[in-house]
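What follows is the content of start_39.cif, which has mmCIF, C-alpha atoms, pLDDT in the B column; chains and numbers go by the auth columns:
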data_my_file
#
loop_
_atom_site.group_PDB
_atom_site.id
_atom_site.type_symbol
_atom_site.label_atom_id
_atom_site.label_comp_id
_atom_site.label_asym_id
_atom_site.label_seq_id
_atom_site.Cartn_x
_atom_site.Cartn_y
_atom_site.Cartn_z
_atom_site.B_iso_or_equiv
_atom_site.auth_seq_id
_atom_site.auth_asym_id
ATOM 1 C CA MET A 1 4.104 -9.479 -15.595 64.00 1 G
ATOM 2 C CA LEU A 2 4.842 -8.469 -12.025 76.00 2 G
ATOM 3 C CA LYS A 3 2.035 -7.235 -9.793 83.00 3 G
ATOM 4 C CA TYR A 4 2.236 -5.443 -6.470 84.00 4 G
ATOM 5 C CA ASN A 5 0.270 -4.498 -3.371 87.00 5 G
ATOM 6 C CA ILE A 6 0.986 -1.129 -1.769 90.00 6 G
ATOM 7 C CA ILE A 7 1.067 -0.879 2.028 91.00 7 G
ATOM 8 C CA TYR A 8 0.970 2.349 4.053 93.00 8 G
ATOM 9 C CA THR A 9 2.043 2.317 7.710 93.00 9 G
ATOM 10 C CA SER A 10 0.446 5.096 9.748 91.00 10 G
ATOM 11 C CA PRO A 11 2.189 7.107 12.466 91.00 11 G
ATOM 12 C CA GLY A 12 0.292 4.882 14.955 89.00 12 G
ATOM 13 C CA ASN A 13 2.013 1.852 13.373 88.00 13 G
ATOM 14 C CA ASP A 14 -1.173 0.494 11.754 89.00 14 G
ATOM 15 C CA ASP A 15 -0.878 -1.053 8.290 88.00 15 G
ATOM 16 C CA TYR A 16 -3.276 -0.146 5.498 90.00 16 G
ATOM 17 C CA LEU A 17 -3.664 -1.711 2.057 88.00 17 G
ATOM 18 C CA TRP A 18 -4.035 0.780 -0.803 88.00 18 G
ATOM 19 C CA ASN A 19 -7.065 -0.334 -2.814 86.00 19 G
ATOM 20 C CA GLY A 20 -6.648 2.154 -5.644 86.00 20 G
ATOM 21 C CA THR A 21 -8.950 4.816 -4.215 87.00 21 G
ATOM 22 C CA GLY A 22 -8.476 4.539 -0.454 87.00 22 G
ATOM 23 C CA PHE A 23 -7.179 2.314 2.316 88.00 23 G
ATOM 24 C CA ASP A 24 -8.280 -0.951 3.906 84.00 24 G
ATOM 25 C CA LYS A 25 -6.883 -1.530 7.401 85.00 25 G
ATOM 26 C CA LEU A 26 -4.908 -4.745 7.741 82.00 26 G
ATOM 27 C CA LYS A 27 -5.460 -6.629 10.960 74.00 27 G
ATOM 28 C CA SER A 28 -2.332 -8.752 11.231 61.00 28 G
ATOM 29 C CA VAL A 29 -1.156 -9.425 14.758 60.00 29 G
ATOM 30 C CA ASP A 30 2.119 -10.930 13.558 56.00 30 G
ATOM 31 C CA ARG A 31 2.588 -8.373 10.743 50.00 31 G
ATOM 32 C CA GLU A 32 3.303 -11.122 8.232 55.00 32 G
ATOM 33 C CA PRO A 33 3.764 -9.984 4.627 55.00 33 G
ATOM 34 C CA LEU A 34 0.563 -9.665 2.665 50.00 34 G
ATOM 35 C CA LEU A 35 0.402 -12.427 0.107 50.00 35 G
ATOM 36 C CA PHE A 36 -2.832 -11.546 -1.698 50.00 36 G
ATOM 37 C CA SER A 37 -5.376 -8.783 -1.909 54.00 37 G
ATOM 38 C CA GLY A 38 -8.214 -7.777 -4.155 54.00 38 G
ATOM 39 C CA LYS A 39 -6.141 -4.978 -5.706 71.00 39 G
ATOM 40 C CA ALA A 40 -2.932 -5.862 -7.503 79.00 40 G
ATOM 41 C CA ILE A 41 -1.083 -3.108 -9.345 87.00 41 G
ATOM 42 C CA LYS A 42 0.783 -3.866 -12.541 87.00 42 G
ATOM 43 C CA GLU A 43 4.449 -2.964 -12.752 88.00 43 G
ATOM 44 C CA ASP A 44 3.866 -0.219 -15.337 91.00 44 G
ATOM 45 C CA GLU A 45 1.219 1.382 -13.066 90.00 45 G
ATOM 46 C CA LEU A 46 3.281 1.242 -9.874 90.00 46 G
ATOM 47 C CA GLN A 47 4.821 4.739 -9.875 93.00 47 G
ATOM 48 C CA GLU A 48 1.485 6.474 -10.504 93.00 48 G
ATOM 49 C CA ALA A 49 -0.216 4.319 -7.844 92.00 49 G
ATOM 50 C CA LEU A 50 2.511 5.193 -5.325 92.00 50 G
ATOM 51 C CA LYS A 51 1.952 8.920 -5.960 93.00 51 G
ATOM 52 C CA LYS A 52 -1.812 8.559 -5.485 93.00 52 G
ATOM 53 C CA CYS A 53 -1.299 6.502 -2.326 92.00 53 G
ATOM 54 C CA LYS A 54 1.051 9.114 -0.846 93.00 54 G
ATOM 55 C CA THR A 55 -1.405 11.931 -1.584 93.00 55 G
ATOM 56 C CA ALA A 56 -4.273 9.994 0.013 92.00 56 G
ATOM 57 C CA ALA A 57 -2.142 9.097 3.053 93.00 57 G
ATOM 58 C CA GLN A 58 -1.252 12.750 3.620 92.00 58 G
ATOM 59 C CA LYS A 59 -4.955 13.662 3.503 91.00 59 G
ATOM 60 C CA LEU A 60 -5.942 10.860 5.897 89.00 60 G
ATOM 61 C CA PHE A 61 -3.017 11.552 8.264 90.00 61 G
ATOM 62 C CA PRO A 62 -2.149 15.249 7.750 91.00 62 G
ATOM 63 C CA GLY A 63 0.579 15.193 10.417 88.00 63 G
ATOM 64 C CA ASP A 64 2.524 12.459 8.604 89.00 64 G
ATOM 65 C CA GLU A 65 5.103 14.469 6.651 84.00 65 G
ATOM 66 C CA GLU A 66 7.017 11.411 5.378 87.00 66 G
ATOM 67 C CA PRO A 67 4.478 8.618 4.780 89.00 67 G
ATOM 68 C CA SER A 68 5.876 5.097 5.114 92.00 68 G
ATOM 69 C CA ILE A 69 4.802 3.372 1.918 94.00 69 G
ATOM 70 C CA LYS A 70 6.134 0.085 0.602 92.00 70 G
ATOM 71 C CA TRP A 71 5.185 -2.237 -2.184 89.00 71 G
ATOM 72 C CA ILE A 72 5.115 -6.002 -2.031 86.00 72 G
ATOM 73 C CA GLU A 73 5.312 -8.259 -5.057 84.00 73 G
ATOM 74 C CA VAL A 74 2.252 -10.463 -5.415 78.00 74 G
ATOM 75 C CA VAL A 75 3.009 -13.995 -6.547 72.00 75 G
ATOM 76 C CA VAL A 76 0.591 -14.797 -9.349 64.00 76 G
ATOM 77 C CA PRO A 77 0.682 -18.451 -10.434 64.00 77 G
#
Written form, structure tokens:
Amino acid sequence: MLKYNIIYTSPGNDDYLWNGTGFDKLKSVDREPLLFSGKAIKEDELQEALKKCKTAAQKLFPGDEEPSIKWIEVVVP
């Protein structure tokens, strides 16, 4: 089963990892893709998680009308 991380990029170009209830700021100087996090979202939960992430992003950054949200597949051995 595929699993994903969801990443939100703020208007200030900072990356945040969606942890299911809020955001954890990612501190990557090189902006390399995130390979693992504590919160992996199953494929069948992805659409609902994306909606929740977008709602939370708009509350955290009310001026961001079109939140930049992407999902990254997590490789699970």
Next item on the list: Could you tell me which of G:Ile41, G:Ile7, G:Leu46, G:Leu2 comes closest to Ser68 in chain G if we count all atoms listed in the file?
Entry: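 So, comparing all the options, the nearest one is G:Ile7.
Of the residues listed (G:Glu43, G:Glu65, G:Trp71, G:Ala56), G:Glu43 shows the shortest atom-to-atom separation from Lys3 in chain G; distances use only C-alpha atoms.
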Using the file's own x, y and z axes, what box holds all listed atoms of range 9-25 of chain G with 6 Å on each side, keeping edges along x, y and z, and what are its centre and edge lengths in Å to one decimal, as lines of an AutoDock Vina configuration file?
center_x = -3.4
center_y = 2.7
center_z = 4.7
size_x = 23.1
size_y = 20.8
size_z = 32.6
Check: Distance CA of Ala40 in chain G-CA of Pro62 in chain G, one decimal place?
Finding: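 CA of Ala40 in chain G sits 26.1 Å away from CA of Pro62 in chain G.
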Note to self: I'd like the interatomic distance between CA of Tyr16 in chain G and CA of Glu48 in chain G, to a tenth of an Å.
What the structure shows: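 One can read the CA of Tyr16 in chain G to CA of Glu48 in chain G distance as 18.0 Å.
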Margin query: Between CA of Asp44 in chain G and CA of Pro11 in chain G, what distance in Å does the model show, to one decimal?
Written below: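 CA of Asp44 in chain G sits 28.8 Å away from CA of Pro11 in chain G.
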Might you pull out every residue within 10 Å of Leu17 in chain G, with all atoms listed in the file counted and same-chain residues fewer than 4 positions away left off, and present them as a PDB file with C-alpha atoms, in the frame of the given file?
ATOM      1  CA  ASN G   5       0.270  -4.498  -3.371  1.00 87.00           C
ATOM      2  CA  ILE G   6       0.986  -1.129  -1.769  1.00 90.00           C
ATOM      3  CA  ILE G   7       1.067  -0.879   2.028  1.00 91.00           C
ATOM      4  CA  TYR G   8       0.970   2.349   4.053  1.00 93.00           C
ATOM      5  CA  THR G   9       2.043   2.317   7.710  1.00 93.00           C
ATOM      6  CA  GLY G  22      -8.476   4.539  -0.454  1.00 87.00           C
ATOM      7  CA  PHE G  23      -7.179   2.314   2.316  1.00 88.00           C
ATOM      8  CA  ASP G  24      -8.280  -0.951   3.906  1.00 84.00           C
ATOM      9  CA  LYS G  25      -6.883  -1.530   7.401  1.00 85.00           C
ATOM     10  CA  LEU G  26      -4.908  -4.745   7.741  1.00 82.00           C
ATOM     11  CA  LEU G  34       0.563  -9.665   2.665  1.00 50.00           C
ATOM     12  CA  SER G  37      -5.376  -8.783  -1.909  1.00 54.00           C
ATOM     13  CA  GLY G  38      -8.214  -7.777  -4.155  1.00 54.00           C
ATOM     14  CA  LYS G  39      -6.141  -4.978  -5.706  1.00 71.00           C
ATOM     15  CA  CYS G  53      -1.299   6.502  -2.326  1.00 92.00           C
ATOM     16  CA  ILE G  69       4.802   3.372   1.918  1.00 94.00           C
ATOM     17  CA  TRP G  71       5.185  -2.237  -2.184  1.00 89.00           C
TER      18      TRP G  71
END
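Closest to Lys54 in chain G among G:Trp18, G:Lys27, G:Glu73, G:Tyr4 is G:Trp18, based on all atoms listed in the file.
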